Structures are given as C-alpha cells and as structure tokens.
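Text of the file structure-v4.csv, holding CSV, C-alpha atoms:
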```csv
chain,number,residue,atom,x,y,z
V,165,MET,CA,-45.6,-85.7,21.9
V,166,ALA,CA,-44.9,-82.5,20.1
V,167,GLY,CA,-42.4,-82.6,17.2
V,168,LYS,CA,-39.0,-81.0,17.2
V,169,ILE,CA,-38.6,-77.4,15.8
V,170,ILE,CA,-35.4,-76.9,13.8
V,171,THR,CA,-34.5,-73.5,12.3
V,172,VAL,CA,-32.1,-73.2,9.4
V,173,THR,CA,-30.2,-69.9,9.4
V,174,SER,CA,-26.8,-68.5,8.3
V,175,GLY,CA,-26.3,-64.7,8.8
V,176,LYS,CA,-25.0,-64.3,5.3
V,177,GLY,CA,-27.4,-64.6,2.4
V,178,GLY,CA,-26.9,-67.0,-0.5
V,179,VAL,CA,-25.1,-69.7,1.3
V,180,GLY,CA,-27.9,-72.3,0.9
V,181,LYS,CA,-30.5,-72.0,3.7
V,182,THR,CA,-33.5,-72.6,1.5
V,183,THR,CA,-31.8,-75.4,-0.4
V,184,THR,CA,-30.9,-77.0,3.0
V,185,THR,CA,-34.4,-76.6,4.4
V,186,ALA,CA,-36.0,-78.0,1.3
V,187,ASN,CA,-33.7,-81.0,1.2
V,188,LEU,CA,-33.8,-81.8,4.9
V,189,SER,CA,-37.6,-81.5,4.9
V,190,LEU,CA,-37.9,-84.0,2.0
V,191,ALA,CA,-35.2,-86.2,3.5
V,192,MET,CA,-37.2,-86.5,6.7
V,193,ALA,CA,-40.4,-87.3,4.7
V,194,LEU,CA,-38.4,-90.0,2.9
V,195,LEU,CA,-37.5,-91.4,6.3
V,196,GLY,CA,-41.2,-91.7,7.0
V,197,LYS,CA,-41.5,-88.7,9.4
V,198,ARG,CA,-44.4,-86.2,9.4
V,199,VAL,CA,-42.8,-82.9,8.4
V,200,ILE,CA,-44.0,-79.3,8.3
V,201,CYS,CA,-41.7,-76.7,6.8
V,202,ILE,CA,-42.3,-73.0,7.4
V,203,ASP,CA,-41.0,-70.3,5.1
V,204,ALA,CA,-40.2,-67.4,7.4
V,205,ASP,CA,-38.7,-65.2,4.7
V,206,ILE,CA,-41.8,-62.9,4.5
V,207,GLY,CA,-41.7,-60.9,1.3
V,208,LEU,CA,-39.1,-63.1,-0.4
V,209,ARG,CA,-40.9,-66.4,-0.6
V,210,ASN,CA,-38.8,-69.2,-2.1
V,211,LEU,CA,-39.1,-72.4,-0.3
V,212,ASP,CA,-42.3,-73.2,-2.3
V,213,VAL,CA,-40.3,-72.9,-5.6
V,214,MET,CA,-37.5,-75.1,-4.3
V,215,LEU,CA,-40.1,-77.8,-3.4
V,216,GLY,CA,-42.0,-77.3,-6.7
V,217,LEU,CA,-45.2,-76.4,-4.8
V,218,GLU,CA,-45.6,-72.8,-6.0
V,219,ASN,CA,-48.8,-73.5,-7.9
V,220,ARG,CA,-50.7,-74.9,-5.0
V,221,ILE,CA,-50.5,-72.0,-2.6
V,222,VAL,CA,-53.8,-70.4,-1.5
V,223,TYR,CA,-53.1,-69.0,1.9
V,224,ASP,CA,-49.9,-68.0,3.7
V,225,ILE,CA,-48.5,-67.6,7.2
V,226,VAL,CA,-49.6,-64.0,7.6
V,227,ASN,CA,-53.2,-65.1,6.8
V,228,VAL,CA,-52.9,-67.6,9.6
V,229,ILE,CA,-51.5,-65.0,12.0
V,230,GLU,CA,-54.2,-62.5,11.2
V,231,GLY,CA,-56.8,-65.2,11.9
V,232,ARG,CA,-58.1,-65.3,8.3
V,233,CYS,CA,-57.7,-69.0,8.1
V,234,ALA,CA,-56.7,-72.0,10.3
V,235,LEU,CA,-53.1,-73.3,10.2
V,236,GLN,CA,-54.3,-76.6,8.7
V,237,LYS,CA,-56.1,-74.8,5.8
V,238,ALA,CA,-52.9,-72.9,4.9
V,239,LEU,CA,-50.7,-75.9,4.8
V,240,VAL,CA,-49.8,-77.1,1.2
V,241,ARG,CA,-49.4,-80.8,0.8
V,242,ASP,CA,-46.4,-82.1,-1.1
V,243,LYS,CA,-47.2,-83.9,-4.4
V,244,ARG,CA,-44.6,-86.7,-3.7
V,245,PHE,CA,-45.0,-87.2,0.0
V,246,SER,CA,-48.3,-86.7,1.7
V,247,GLU,CA,-46.6,-86.4,5.0
V,248,LEU,CA,-44.7,-83.3,4.0
V,249,LEU,CA,-46.5,-80.0,4.4
V,250,LEU,CA,-45.4,-76.4,3.6
V,251,LEU,CA,-46.6,-73.2,5.3
V,252,PRO,CA,-45.7,-70.6,2.7
V,253,ALA,CA,-44.5,-67.1,3.4
V,254,ALA,CA,-46.5,-64.1,2.4
V,255,GLN,CA,-45.1,-62.6,-0.7
V,256,THR,CA,-46.6,-59.1,-0.6
V,257,ARG,CA,-46.1,-58.4,3.1
V,258,ASP,CA,-43.0,-57.7,5.1
V,259,LYS,CA,-41.2,-59.0,8.1
V,260,GLY,CA,-42.7,-56.3,10.3
V,261,ASP,CA,-46.1,-58.1,10.0
V,262,ILE,CA,-44.9,-61.0,12.2
V,263,THR,CA,-43.8,-60.8,15.9
V,264,GLU,CA,-41.6,-63.3,17.8
V,265,ASP,CA,-44.7,-64.4,19.7
V,266,ASP,CA,-46.7,-65.0,16.5
V,267,MET,CA,-44.0,-67.3,15.1
V,268,ASN,CA,-43.5,-69.0,18.4
V,269,ARG,CA,-47.2,-69.8,18.6
V,270,ILE,CA,-47.5,-71.0,14.9
V,271,ALA,CA,-44.4,-73.1,15.1
V,272,HIS,CA,-45.5,-74.8,18.3
V,273,GLN,CA,-49.0,-75.3,16.8
V,274,ALA,CA,-47.3,-77.0,13.8
V,275,ALA,CA,-45.2,-79.1,16.1
V,276,GLU,CA,-48.4,-80.7,17.5
V,277,LEU,CA,-49.1,-81.9,14.0
V,278,ALA,CA,-45.7,-83.2,12.9
V,279,ASP,CA,-42.5,-85.0,14.0
V,280,TYR,CA,-40.3,-82.2,12.7
V,281,VAL,CA,-40.9,-78.6,11.9
V,282,PHE,CA,-38.3,-76.9,9.8
V,283,ILE,CA,-38.2,-73.1,9.7
V,284,ASP,CA,-36.3,-71.4,6.8
V,285,SER,CA,-34.9,-68.2,8.3
V,286,PRO,CA,-34.4,-65.0,6.4
V,287,ALA,CA,-30.8,-63.9,5.9
V,288,GLY,CA,-29.4,-61.3,8.3
V,289,ILE,CA,-29.4,-61.0,12.1
V,290,GLU,CA,-32.3,-58.6,12.5
V,291,HIS,CA,-36.0,-59.1,13.3
V,292,GLY,CA,-36.5,-61.9,10.8
V,293,PHE,CA,-33.6,-63.9,12.2
V,294,ARG,CA,-34.9,-63.3,15.7
V,295,TYR,CA,-38.5,-64.5,15.1
V,296,ALA,CA,-37.3,-67.5,13.1
V,297,THR,CA,-34.9,-68.7,15.8
V,298,LYS,CA,-37.2,-67.9,18.7
V,299,PRO,CA,-39.2,-71.2,18.7
V,300,ALA,CA,-36.3,-73.4,17.8
V,301,ASP,CA,-35.3,-76.5,19.8
V,302,LEU,CA,-32.2,-76.7,17.5
V,303,VAL,CA,-30.6,-74.2,15.1
V,304,LEU,CA,-28.7,-75.4,12.0
V,305,ILE,CA,-26.2,-72.8,10.9
V,306,VAL,CA,-25.3,-73.1,7.2
V,307,THR,CA,-22.0,-71.6,6.1
V,308,TYR,CA,-19.8,-71.6,3.0
V,309,PRO,CA,-16.0,-72.2,3.2
V,310,GLU,CA,-15.2,-68.5,2.6
V,311,VAL,CA,-13.9,-65.9,5.1
V,312,THR,CA,-17.0,-63.7,5.0
V,313,ALA,CA,-19.5,-66.5,5.4
V,314,VAL,CA,-17.6,-68.1,8.3
V,315,ARG,CA,-17.4,-64.7,10.0
V,316,ASP,CA,-21.2,-64.2,9.7
V,317,ALA,CA,-21.8,-67.7,11.0
V,318,ASP,CA,-19.7,-66.8,14.1
V,319,ARG,CA,-21.9,-63.7,14.7
V,320,VAL,CA,-25.0,-65.9,14.6
V,321,ILE,CA,-23.4,-68.3,17.0
V,322,GLY,CA,-22.6,-65.4,19.3
V,323,LEU,CA,-26.1,-64.0,19.1
V,324,LEU,CA,-27.7,-67.4,19.9
V,325,GLU,CA,-25.3,-67.9,22.9
V,326,ALA,CA,-26.2,-64.4,24.1
V,327,SER,CA,-30.0,-64.9,23.9
V,328,ASP,CA,-31.5,-68.3,24.5
V,329,HIS,CA,-28.6,-70.7,24.5
V,330,THR,CA,-30.5,-72.8,21.9
V,331,PRO,CA,-28.3,-75.7,20.8
V,332,ALA,CA,-26.8,-75.1,17.3
V,333,LYS,CA,-25.0,-77.3,14.8
V,334,LEU,CA,-23.1,-76.4,11.7
V,335,ILE,CA,-23.6,-77.4,8.1
V,336,ILE,CA,-20.7,-76.5,5.7
V,337,ASN,CA,-22.2,-76.1,2.3
V,338,ARG,CA,-20.7,-76.2,-1.2
V,339,ILE,CA,-17.3,-77.4,-0.3
V,340,LYS,CA,-15.1,-78.2,-3.3
V,341,PRO,CA,-13.1,-81.4,-2.6
V,342,GLU,CA,-10.5,-80.7,-5.3
V,343,LEU,CA,-9.8,-77.2,-3.9
V,344,VAL,CA,-9.6,-78.6,-0.3
V,345,ARG,CA,-7.1,-81.2,-1.5
V,346,ARG,CA,-4.9,-78.5,-3.0
V,347,ASN,CA,-5.1,-76.4,0.2
V,348,GLU,CA,-6.9,-73.6,-1.7
V,349,MET,CA,-10.1,-73.7,0.3
V,350,LEU,CA,-10.8,-73.7,4.1
V,351,ASP,CA,-11.5,-77.3,5.0
V,352,ALA,CA,-14.1,-78.6,7.5
V,353,ASP,CA,-11.5,-79.1,10.3
V,354,ALA,CA,-10.3,-75.5,10.1
V,355,ILE,CA,-13.9,-74.0,10.1
V,356,VAL,CA,-15.0,-76.2,13.0
V,357,ASP,CA,-11.8,-75.3,14.9
V,358,LEU,CA,-12.5,-71.6,14.4
V,359,LEU,CA,-16.2,-71.6,15.2
V,360,ALA,CA,-16.0,-74.2,18.0
V,361,ILE,CA,-19.4,-75.7,17.2
V,362,ASP,CA,-20.6,-79.2,16.5
V,363,LEU,CA,-20.6,-80.2,12.8
V,364,ILE,CA,-23.6,-82.1,11.4
V,365,GLY,CA,-22.8,-82.2,7.7
V,366,ILE,CA,-20.3,-81.3,4.9
V,367,VAL,CA,-22.2,-80.8,1.7
V,368,PRO,CA,-20.1,-81.0,-1.5
V,369,GLU,CA,-20.6,-78.6,-4.4
V,370,ASP,CA,-22.9,-80.3,-6.8
V,371,SER,CA,-24.2,-79.1,-10.2
V,372,MET,CA,-27.4,-81.1,-9.6
V,373,ILE,CA,-28.5,-78.6,-7.0
V,374,LEU,CA,-29.0,-76.0,-9.7
V,375,ALA,CA,-31.0,-78.5,-11.9
V,376,ALA,CA,-33.0,-79.4,-8.8
V,377,ALA,CA,-33.9,-75.8,-8.2
V,378,ASN,CA,-34.8,-75.3,-11.8
V,379,ARG,CA,-37.2,-78.2,-11.7
V,380,GLY,CA,-38.5,-77.9,-8.1
V,381,GLN,CA,-37.2,-81.4,-7.4
V,382,PRO,CA,-34.8,-81.2,-4.5
V,383,ALA,CA,-31.5,-83.2,-5.0
V,384,VAL,CA,-32.2,-85.5,-2.1
V,385,LEU,CA,-34.7,-87.3,-4.5
V,386,ASP,CA,-31.8,-88.1,-6.8
V,387,PRO,CA,-29.7,-91.0,-5.6
V,388,HIS,CA,-26.9,-89.9,-8.0
V,389,SER,CA,-26.6,-86.5,-6.4
V,390,ALA,CA,-23.6,-86.3,-3.9
V,391,ALA,CA,-25.1,-83.3,-2.2
V,392,GLY,CA,-28.5,-85.0,-2.0
V,393,GLN,CA,-27.1,-88.0,-0.3
V,394,VAL,CA,-25.3,-85.9,2.3
V,395,PHE,CA,-28.6,-84.1,3.1
V,396,LEU,CA,-30.1,-87.6,3.6
V,397,GLU,CA,-27.3,-88.4,6.0
V,398,ILE,CA,-27.8,-85.1,7.9
V,399,ALA,CA,-31.5,-86.0,8.3
V,400,ARG,CA,-30.6,-89.4,9.7
V,401,ARG,CA,-28.2,-87.7,12.2
V,402,LEU,CA,-31.0,-85.3,13.2
V,403,ASN,CA,-33.1,-88.4,13.8
V,404,GLY,CA,-30.6,-89.7,16.3
V,405,GLU,CA,-28.8,-92.2,14.1
V,406,ASP,CA,-25.0,-92.4,14.3
V,407,VAL,CA,-24.0,-91.9,10.7
V,408,PRO,CA,-20.3,-91.6,10.1
V,409,PHE,CA,-19.1,-88.8,7.9
V,410,SER,CA,-18.3,-90.2,4.4
V,411,PRO,CA,-15.1,-89.0,2.8
V,412,LEU,CA,-15.4,-86.3,0.2
V,413,LYS,CA,-15.3,-87.7,-3.3
V,414,GLU,CA,-14.0,-85.6,-6.1
V,415,PRO,CA,-16.3,-85.8,-9.2
V,416,SER,CA,-14.7,-87.9,-11.9
V,417,ILE,CA,-14.1,-86.4,-15.4
V,418,LEU,CA,-17.1,-88.4,-16.7
V,419,GLN,CA,-19.3,-87.0,-14.0
V,420,ARG,CA,-18.2,-83.5,-14.6
V,421,LEU,CA,-18.9,-83.9,-18.3
V,422,PHE,CA,-22.2,-85.5,-17.6
V,423,GLY,CA,-23.1,-82.9,-15.0
V,424,SER,CA,-22.4,-80.0,-17.4
V,425,LEU,CA,-24.2,-81.6,-20.3
V,426,LYS,CA,-27.2,-82.5,-18.3
S,296,MET,CA,21.9,-64.5,-0.6
S,297,GLN,CA,18.4,-63.2,0.2
S,298,PHE,CA,17.0,-64.2,-3.1
S,299,LEU,CA,17.4,-67.8,-2.1
S,300,ASP,CA,14.9,-67.3,0.7
S,301,PHE,CA,12.3,-67.1,-1.9
S,302,PHE,CA,12.9,-70.8,-2.8
S,303,ARG,CA,13.5,-72.0,0.7
S,304,ARG,CA,10.4,-70.5,2.4
S,305,PRO,CA,7.5,-72.9,2.1
S,306,ARG,CA,4.7,-70.9,0.5
S,307,GLU,CA,1.7,-70.3,2.7
S,308,SER,CA,-1.4,-72.0,1.3
S,309,GLU,CA,-4.6,-70.2,0.4
S,310,LYS,CA,-6.2,-72.1,3.1
S,311,ASP,CA,-3.7,-71.0,5.8
S,312,VAL,CA,-4.0,-67.4,4.8
S,313,ALA,CA,-7.8,-67.6,5.0
S,314,ALA,CA,-7.7,-69.4,8.4
S,315,GLN,CA,-5.2,-66.9,9.9
S,316,ARG,CA,-7.2,-63.9,8.8
S,317,LEU,CA,-10.4,-65.4,10.1
S,318,ARG,CA,-8.8,-66.2,13.4
S,319,LEU,CA,-7.9,-62.6,13.9
S,320,ILE,CA,-11.2,-61.2,12.6
S,321,LEU,CA,-13.2,-63.5,14.9
S,322,ALA,CA,-11.1,-62.6,17.9
S,323,HIS,CA,-11.8,-58.9,17.3
S,324,ASP,CA,-15.5,-59.5,16.6
S,325,ARG,CA,-16.0,-61.6,19.7
S,326,ALA,CA,-14.4,-59.1,21.9
S,327,ASN,CA,-16.1,-56.2,20.1
S,328,ILE,CA,-12.8,-54.3,19.7
S,329,SER,CA,-11.3,-53.1,16.4
S,330,PRO,CA,-7.6,-53.4,15.7
S,331,GLY,CA,-7.3,-49.6,15.8
S,332,MET,CA,-9.0,-49.5,19.2
S,333,LEU,CA,-6.6,-52.2,20.5
S,334,GLU,CA,-3.7,-49.9,19.4
S,335,MET,CA,-5.2,-47.0,21.4
S,336,LEU,CA,-5.7,-49.3,24.4
S,337,LYS,CA,-2.1,-50.3,24.2
S,338,ASP,CA,-1.0,-46.6,24.2
S,339,GLU,CA,-3.1,-46.0,27.3
S,340,ILE,CA,-1.8,-49.0,29.1
S,341,ILE,CA,1.7,-47.8,28.4
S,342,ALA,CA,0.9,-44.4,29.7
S,343,VAL,CA,-0.7,-45.7,32.9
S,344,ILE,CA,2.0,-48.2,33.8
S,345,SER,CA,4.7,-45.7,33.0
S,346,LYS,CA,3.5,-43.5,35.9
S,347,HIS,CA,4.5,-46.2,38.3
S,348,LEU,CA,7.1,-48.3,36.6
S,349,GLN,CA,9.9,-47.9,34.1
S,350,ILE,CA,8.9,-49.9,31.1
S,351,ASP,CA,10.3,-50.4,27.6
S,352,PRO,CA,7.4,-49.0,25.4
S,353,GLN,CA,9.0,-50.2,22.2
S,354,ASN,CA,8.5,-53.8,23.1
S,355,VAL,CA,5.1,-53.7,24.7
S,356,ASN,CA,2.9,-56.3,23.0
S,357,VAL,CA,-0.9,-56.3,23.5
S,358,LYS,CA,-2.8,-59.0,21.6
S,359,PHE,CA,-5.8,-61.4,21.7
S,360,THR,CA,-5.4,-65.1,22.3
S,361,GLU,CA,-8.2,-67.5,22.2
S,362,ASP,CA,-9.0,-70.9,23.4
S,363,GLN,CA,-12.2,-72.3,21.9
S,364,ARG,CA,-14.7,-69.5,22.2
S,365,GLU,CA,-13.0,-67.7,25.1
S,366,ALA,CA,-11.0,-64.7,24.0
S,367,ARG,CA,-8.3,-63.2,26.3
S,368,LEU,CA,-6.4,-60.0,26.2
S,369,VAL,CA,-2.7,-60.6,26.8
S,370,ALA,CA,-0.3,-57.7,27.5
S,371,ASP,CA,3.4,-58.4,27.6
S,372,ILE,CA,5.0,-55.4,29.1
S,373,PRO,CA,8.8,-55.7,29.5
S,374,LEU,CA,10.3,-53.5,32.4
S,375,SER,CA,13.3,-51.6,31.3
S,376,ASN,CA,16.2,-53.2,33.0
S,377,SER,CA,18.1,-50.2,34.5
S,378,ARG,CA,21.1,-52.4,35.6
S,379,LYS,CA,21.5,-53.6,32.0
S,380,GLU,CA,21.3,-50.0,30.7
S,381,ARG,CA,23.9,-48.9,33.1
S,382,LYS,CA,26.2,-51.6,31.9
S,383,THR,CA,25.8,-50.7,28.2
S,384,LYS,CA,26.5,-47.1,29.0
S,385,LYS,CA,29.9,-47.8,30.3
```

Please, can you express the file's structure as structure tokens?
Amino acid sequence: MAGKIITVTSGKGGVGKTTTTANLSLAMALLGKRVICIDADIGLRNLDVMLGLENRIVYDIVNVIEGRCALQKALVRDKRFSELLLLPAAQTRDKGDITEDDMNRIAHQAAELADYVFIDSPAGIEHGFRYATKPADLVLIVTYPEVTAVRDADRVIGLLEASDHTPAKLIINRIKPELVRRNEMLDADAIVDLLAIDLIGIVPEDSMILAAANRGQPAVLDPHSAAGQVFLEIARRLNGEDVPFSPLKEPSILQRLFGSLK
Amino acid sequence: MQFLDFFRRPRESEKDVAAQRLRLILAHDRANISPGMLEMLKDEIIAVISKHLQIDPQNVNVKFTEDQREARLVADIPLSNSRKERKTKK
C-alpha cells in the first residue's frame, strides 16, 4: 500500500515550516515508520541543514526530474535512523524548474517506498505552494499566534478549499504560555475559532529549537524539549492514535536560566 | 464624572484586540471586498432603495457577519417613519 503524502505549508514565511517538517519526519522514524521527506523549496534548500544531512548530498530533486538519476539514488539516508530518507532541493535552480506534474509524480513514486512522505513547501501562495500541495493527501498549515500569520493561514485554507478540497489541519507554533495566561497573545481557542479548521498541535516556544537548528539535531530527539515532545505527539496523532492535548506548561525559572545558559 | 469611566471600563486585553481585528480582516479577505468598497456599496444600496422607498440614510448599516467559514452581508435599512415625523413636526 502506498504511503501517505503530507505537505507542510503556511503562506507566511518564517513561522516554522522546515522545523515542523524536520521534527515530524524524525518523530515518525522514531515511531518505526519508513519516512521520505522532500524539500520543495527549490533555490532555498534548508531541510538538509535542519536534519544535519547537508554534507551527504550528491543529487537533488531537479536531477531526478530531469532524469539524470533515479529517485532512490538521490535519497540521502539519515545517520540516526536508516528508515528516514531525504530528497534534497536543488540549491542553484529555481521553482520554475519544477511543474505540478513533476512533483506529483515524484511524491507518489516516493510514497511507494515509504509509509509517510513529508513535503516541505516554500513560503507564499504561488507556484511553489501549488506544486508542493498538489500531491498531498493531507496538508498541515503552520501558523504563529500573530494577526499577520493567522491571516495568511486563512488565505491558504481558502486556496486549498477552492482547488482540491485536500483535508487540512492546523499547527500553532511558538505559542508563549505566559503571554497567553496574561491575555497578551492569541490563544489556540481564538485561532481555531477564527480559522474554523481542525487543530493537530500546539507547539510552545522553546529555546532548544534554536540549539537544535544550530547542531542539525531536531528537538524531537531531546526528551527534555517541550516543543520536541509536542512534535512527537503530533506524529502519533497523524498515525491515528488518540493523543490528548497536554496543557501548556510555563518554563520554570530554572529551566529559563538553564535554557539561556545552554 | 467622565474621568471615572476610565477606571470603570474593563480594559480590553491584547488578545481581544488581536482577535477582533482578525475577525474583521478575515471577513473582508474571504468575501474579497475591502472596507472602502463596502462603504461605496452601502452608498449605492441607499441610492437604489431611495428610488422606491423612503429610508433613513443616516442609520443604514451594512456589515459582514460570519458563521464558521460562511460570510454574510447584512444590510439593516430603517424606513423613515413618516407618521412619526409628522408627529414631531407638530
């Protein structure tokens, strides 16, 4: 049976698409699934760096599309989990080098080899967004609790509804529990109410995410990372498990000190 | 005693301000009509209806409401009450 194709997108840039894709891909591998993640951000390759696999790249997605090498040959195997594979973006090409049909074909070919295929979409709602969402069985929309990011998420939801009616779920990223408690930040209830979409995860702000990107070791590998643990919960939900939403914990003073010293 | 209102009025939270602005922004985005366009539309509605009915243009209210992802344009157009006007003229 072919694997499930999940595209991570957001409209707005910088809200955590690549972080989400890296962590969910690793989380699925941790759960024992065969995973292929595809970096669809041609020209702005980054998923390889998040995963710490940048030194192992030989071929990229455009090479596969142009028939220079087979898909299997371009896939980069993860150092930690042999069941996790990355199809890197081309760094010196641009999004015009890929068509929706190309991406559709490659993603479905990858789905024959894996239980889950994650596609990291480029920011925006143009061609890159369209080819990245085209093959998806499910779209995960990442947003940040700020007016502009939520507005962009709404645009993306509207575009998905207008085109393929692909099911979509929401991830609210970088929520700050102490600001939510003081009513200074939009909370998950308000955002879900405005966007009228299913929620699949509320990821707290976590200084370990920066350290994880610095090292190429996604936070999901660290049992002490609050954000990492939420990504693991999201992966289990995607897997069909009924995982209750854990209450947001504010970092203790010790954790804050520890986090900033680390 | 107006200055006391400052203390009485519960201050709107940052969250509420953001949520209210978003609600309006999303309603306009979804219907693909800007607030300025809505104002023009309102003037045109008043002009059209005035041809056939006597209305009270000062109190016409045209706005968006939304229920989940369904936006709705609601126009509240009070008819000018000629009987009442006659009464006040006396």

Env of Pro286 of chain V: 9 Å cut, atoms = only C-alpha atoms, seq-sep filter 6 positions within chain, self excluded. Answer as a list in words.
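Once the adjacent positions are removed, what remains is Thr173, Ser174, Gly175, Gly177, Lys181, Asp203, Ala204, Asp205, Ile206, Leu208, Gly292, Phe293 and Ala296 of chain V.
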
If we count all atoms listed in the file, which residues of chain S reach to within 10 Å of chain V? Please list them as a ChimeraX atom specification.
/S:307-318,320-322,324-325,361-364

Taking C-alpha atoms for each residue, export the selection above as a compact mmCIF listing (two decimals), in the coordinates of the input.
```txt
# COMPACT_ATOMS: atom_id res chain seq x y z
CA GLU S 307 1.70 -70.30 2.70
CA SER S 308 -1.40 -72.00 1.30
CA GLU S 309 -4.60 -70.20 0.40
CA LYS S 310 -6.20 -72.10 3.10
CA ASP S 311 -3.70 -71.00 5.80
CA VAL S 312 -4.00 -67.40 4.80
CA ALA S 313 -7.80 -67.60 5.00
CA ALA S 314 -7.70 -69.40 8.40
CA GLN S 315 -5.20 -66.90 9.90
CA ARG S 316 -7.20 -63.90 8.80
CA LEU S 317 -10.40 -65.40 10.10
CA ARG S 318 -8.80 -66.20 13.40
CA ILE S 320 -11.20 -61.20 12.60
CA LEU S 321 -13.20 -63.50 14.90
CA ALA S 322 -11.10 -62.60 17.90
CA ASP S 324 -15.50 -59.50 16.60
CA ARG S 325 -16.00 -61.60 19.70
CA GLU S 361 -8.20 -67.50 22.20
CA ASP S 362 -9.00 -70.90 23.40
CA GLN S 363 -12.20 -72.30 21.90
CA ARG S 364 -14.70 -69.50 22.20
```

In Å, with one decimal, what is the gap from atom CA of Gly380 of chain V to atom CA of Gln236 of chain V?
23.1 Å

Tell me, in Å to one decimal, how far atom CA of Ser327 of chain V is from atom CA of Thr297 of chain V.
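Separation between atom CA of Ser327 of chain V and atom CA of Thr297 of chain V: 10.2 Å.
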
Find the spatial neighbours of segment 215-224 of chain V, counting all atoms listed in the file, within a cut-off of 10 Å - ignore same-chain residues fewer than 2 positions away - and output them as a PyMOL selection string.
chain V and resi 182-183+185-187+189-190+202-203+206+209-213+226-229+232-235+237-244+249-255+376-382

Residues within 9 Å of Arg294 of chain V, please, as a VMD selection string. Count all atoms listed in the file; anything in the same chain fewer than 4 positions from it doesn't count.
chain V and resid 264 285 289 to 290 298

How many Å lie between atom CA of Leu188 of chain V and atom CA of Glu342 of chain V, rounded to one decimal?
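Computing the Euclidean distance for atom CA of Leu188 of chain V and atom CA of Glu342 of chain V yields 25.5 Å.
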
Skip segment 408-410 of chain V itself and residues of its chain fewer than 6 positions away, then list as a ChimeraX atom specification all residues within 9 Å of it, counting all atoms listed in the file.
/V:364-366,394,397

Set the distance at 10 Å and use all atoms listed in the file: which residues neighbour Lys168 of chain V once local chain neighbours fewer than 3 positions away are removed? I'd like the list as an MDAnalysis selection string.
chainID V and resid 165 199 271:272 274:276 278:282 299:302 402

Proximity to Ala342 of chain S - best of S:Pro330, S:Arg367, S:Val355, S:Leu319, all atoms listed in the file:
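Closest to Ala342 of chain S of all the choices is S:Val355.
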